[in-house]
Amino acid sequence: MEEEYGWGTGSTIALVLVALILLFAPLGMGPLQPPPALLLLFFPVTLVALFYFLHQASK
């Protein structure tokens, strides 16, 4: 069997989800006030989870 490398379905879905989050998350923020601490933690936690998923999917 040939091993598959590159962009699979999971990688594509993860990329689209991150793009949607980056596009629509600022719409939930108020004008001229910093985002809440939980929202600031949401981005790094999401990226770490995404990188971990992609790392596991590439094995």
# chains A, B, ... in the order shown; residues from 1 in each chain; ligands from 1
call {"tool": "residues_around", "arguments": {"residues": "Ala14 in chain A", "least_positions_apart": "2", "cutoff": "10 Å", "atoms": "only C-alpha atoms", "output": "JSON, numbers by chain"}}
result
{"A": [9, 10, 11, 12, 16, 17, 18, 19, 20, 47, 50, 51, 53, 54]}
call {"tool": "write_last_selection", "arguments": {"atoms": "all heavy atoms", "output": "short mmCIF file (atom, residue, chain, number, x, y, z; two decimals), in the first residue's frame"}}
result
data_model
loop_
_atom_site.label_atom_id
_atom_site.label_comp_id
_atom_site.auth_asym_id
_atom_site.auth_seq_id
_atom_site.Cartn_x
_atom_site.Cartn_y
_atom_site.Cartn_z
N THR A 9 -8.48 15.29 3.90
CA THR A 9 -9.77 15.89 4.26
C THR A 9 -9.70 16.59 5.60
O THR A 9 -10.19 17.71 5.75
CB THR A 9 -10.86 14.80 4.29
OG1 THR A 9 -10.88 14.12 3.05
CG2 THR A 9 -12.21 15.40 4.57
N GLY A 10 -9.08 15.96 6.58
CA GLY A 10 -8.97 16.56 7.91
C GLY A 10 -8.16 17.84 7.91
O GLY A 10 -8.53 18.82 8.57
N SER A 11 -7.09 17.87 7.16
CA SER A 11 -6.26 19.07 7.07
C SER A 11 -7.02 20.21 6.41
O SER A 11 -6.92 21.36 6.83
CB SER A 11 -4.99 18.78 6.28
OG SER A 11 -4.24 17.77 6.88
N THR A 12 -7.77 19.88 5.38
CA THR A 12 -8.55 20.91 4.68
C THR A 12 -9.64 21.48 5.59
O THR A 12 -9.83 22.70 5.65
CB THR A 12 -9.18 20.33 3.41
OG1 THR A 12 -8.14 19.77 2.61
CG2 THR A 12 -9.91 21.37 2.64
N VAL A 16 -9.95 25.38 6.94
CA VAL A 16 -11.16 26.18 6.73
C VAL A 16 -11.70 26.67 8.07
O VAL A 16 -12.12 27.83 8.20
CB VAL A 16 -12.22 25.36 5.96
CG1 VAL A 16 -13.57 26.05 5.98
CG2 VAL A 16 -11.75 25.11 4.55
N LEU A 17 -11.68 25.83 9.10
CA LEU A 17 -12.16 26.25 10.42
C LEU A 17 -11.33 27.39 10.99
O LEU A 17 -11.87 28.35 11.54
CB LEU A 17 -12.17 25.06 11.38
CG LEU A 17 -13.27 24.04 11.16
CD1 LEU A 17 -13.12 22.88 12.13
CD2 LEU A 17 -14.64 24.68 11.31
N VAL A 18 -10.02 27.28 10.88
CA VAL A 18 -9.15 28.35 11.38
C VAL A 18 -9.40 29.64 10.60
O VAL A 18 -9.47 30.73 11.18
CB VAL A 18 -7.66 27.94 11.31
CG1 VAL A 18 -6.75 29.11 11.58
CG2 VAL A 18 -7.39 26.83 12.31
N ALA A 19 -9.55 29.53 9.28
CA ALA A 19 -9.82 30.72 8.47
C ALA A 19 -11.14 31.37 8.87
O ALA A 19 -11.24 32.59 8.98
CB ALA A 19 -9.83 30.35 6.99
N LEU A 20 -12.17 30.56 9.13
CA LEU A 20 -13.46 31.10 9.55
C LEU A 20 -13.37 31.76 10.92
O LEU A 20 -13.98 32.82 11.15
CB LEU A 20 -14.51 30.00 9.56
CG LEU A 20 -14.96 29.49 8.19
CD1 LEU A 20 -15.90 28.30 8.33
CD2 LEU A 20 -15.62 30.60 7.40
N LEU A 47 -4.95 26.87 18.09
CA LEU A 47 -3.80 26.60 17.21
C LEU A 47 -2.99 25.41 17.70
O LEU A 47 -2.54 24.59 16.90
CB LEU A 47 -2.93 27.85 17.09
CG LEU A 47 -3.55 28.99 16.29
CD1 LEU A 47 -2.63 30.21 16.32
CD2 LEU A 47 -3.81 28.57 14.86
N LEU A 50 -4.90 22.36 16.82
CA LEU A 50 -4.80 22.14 15.37
C LEU A 50 -3.44 21.55 15.00
O LEU A 50 -3.37 20.58 14.24
CB LEU A 50 -5.01 23.45 14.63
CG LEU A 50 -4.81 23.41 13.12
CD1 LEU A 50 -5.87 22.53 12.48
CD2 LEU A 50 -4.84 24.80 12.54
N PHE A 51 -2.37 22.11 15.53
CA PHE A 51 -1.05 21.58 15.23
C PHE A 51 -0.89 20.15 15.74
O PHE A 51 -0.29 19.31 15.08
CB PHE A 51 0.04 22.47 15.82
CG PHE A 51 0.19 23.77 15.11
CD1 PHE A 51 0.45 24.94 15.82
CD2 PHE A 51 0.06 23.88 13.74
CE1 PHE A 51 0.58 26.15 15.18
CE2 PHE A 51 0.20 25.09 13.08
CZ PHE A 51 0.46 26.22 13.80
N PHE A 53 -3.33 17.96 16.14
CA PHE A 53 -4.14 17.12 15.24
C PHE A 53 -3.40 16.85 13.94
O PHE A 53 -3.34 15.71 13.46
CB PHE A 53 -5.48 17.80 14.97
CG PHE A 53 -6.26 17.15 13.87
CD1 PHE A 53 -6.91 15.94 14.09
CD2 PHE A 53 -6.33 17.73 12.61
CE1 PHE A 53 -7.64 15.33 13.07
CE2 PHE A 53 -7.04 17.12 11.59
CZ PHE A 53 -7.69 15.92 11.83
N LEU A 54 -2.81 17.89 13.35
CA LEU A 54 -2.09 17.71 12.11
C LEU A 54 -0.85 16.84 12.30
O LEU A 54 -0.48 16.05 11.42
CB LEU A 54 -1.71 19.06 11.52
CG LEU A 54 -2.89 19.90 11.02
CD1 LEU A 54 -2.40 21.27 10.57
CD2 LEU A 54 -3.62 19.20 9.91
#
call {"tool": "atom_distance", "arguments": {"atom1": "CA of Gly8 in chain A", "atom2": "CA of Leu41 in chain A"}}
result
27.7 Å
call {"tool": "select_by_dssp", "arguments": {"residues": "chain A", "states": "alpha helix (DSSP H)", "output": "mmCIF file with C-alpha atoms, in the first residue's frame"}}
result
data_model
loop_
_atom_site.group_PDB
_atom_site.id
_atom_site.type_symbol
_atom_site.label_atom_id
_atom_site.label_comp_id
_atom_site.auth_asym_id
_atom_site.auth_seq_id
_atom_site.Cartn_x
_atom_site.Cartn_y
_atom_site.Cartn_z
ATOM 1 C CA THR A 9 -9.772 15.886 4.255
ATOM 2 C CA GLY A 10 -8.973 16.558 7.913
ATOM 3 C CA SER A 11 -6.261 19.069 7.072
ATOM 4 C CA THR A 12 -8.552 20.911 4.682
ATOM 5 C CA ILE A 13 -11.368 21.075 7.241
ATOM 6 C CA ALA A 14 -8.967 22.307 9.924
ATOM 7 C CA LEU A 15 -7.643 25.022 7.607
ATOM 8 C CA VAL A 16 -11.157 26.178 6.735
ATOM 9 C CA LEU A 17 -12.165 26.246 10.418
ATOM 10 C CA VAL A 18 -9.155 28.353 11.377
ATOM 11 C CA ALA A 19 -9.822 30.719 8.471
ATOM 12 C CA LEU A 20 -13.463 31.100 9.546
ATOM 13 C CA ILE A 21 -12.452 31.751 13.150
ATOM 14 C CA LEU A 22 -9.944 34.385 12.086
ATOM 15 C CA LEU A 23 -12.540 35.969 9.815
ATOM 16 C CA PHE A 24 -15.543 36.030 12.145
ATOM 17 C CA ALA A 37 -9.118 37.009 28.563
ATOM 18 C CA LEU A 38 -10.968 33.836 27.555
ATOM 19 C CA LEU A 39 -11.091 34.963 23.944
ATOM 20 C CA LEU A 40 -7.383 35.754 24.039
ATOM 21 C CA LEU A 41 -6.720 32.212 25.287
ATOM 22 C CA PHE A 42 -9.015 30.717 22.660
ATOM 23 C CA PHE A 43 -6.672 31.435 19.745
ATOM 24 C CA PRO A 44 -3.479 29.826 21.086
ATOM 25 C CA VAL A 45 -5.376 26.824 22.454
ATOM 26 C CA THR A 46 -7.101 26.340 19.091
ATOM 27 C CA LEU A 47 -3.804 26.602 17.212
ATOM 28 C CA VAL A 48 -2.060 24.147 19.560
ATOM 29 C CA ALA A 49 -4.951 21.691 19.140
ATOM 30 C CA LEU A 50 -4.796 22.140 15.374
ATOM 31 C CA PHE A 51 -1.047 21.580 15.229
ATOM 32 C CA TYR A 52 -1.367 18.504 17.465
ATOM 33 C CA PHE A 53 -4.136 17.120 15.242
ATOM 34 C CA LEU A 54 -2.090 17.706 12.108
ATOM 35 C CA HIS A 55 0.973 16.146 13.740
ATOM 36 C CA GLN A 56 -1.008 13.020 14.670
ATOM 37 C CA ALA A 57 -2.688 12.885 11.261
#
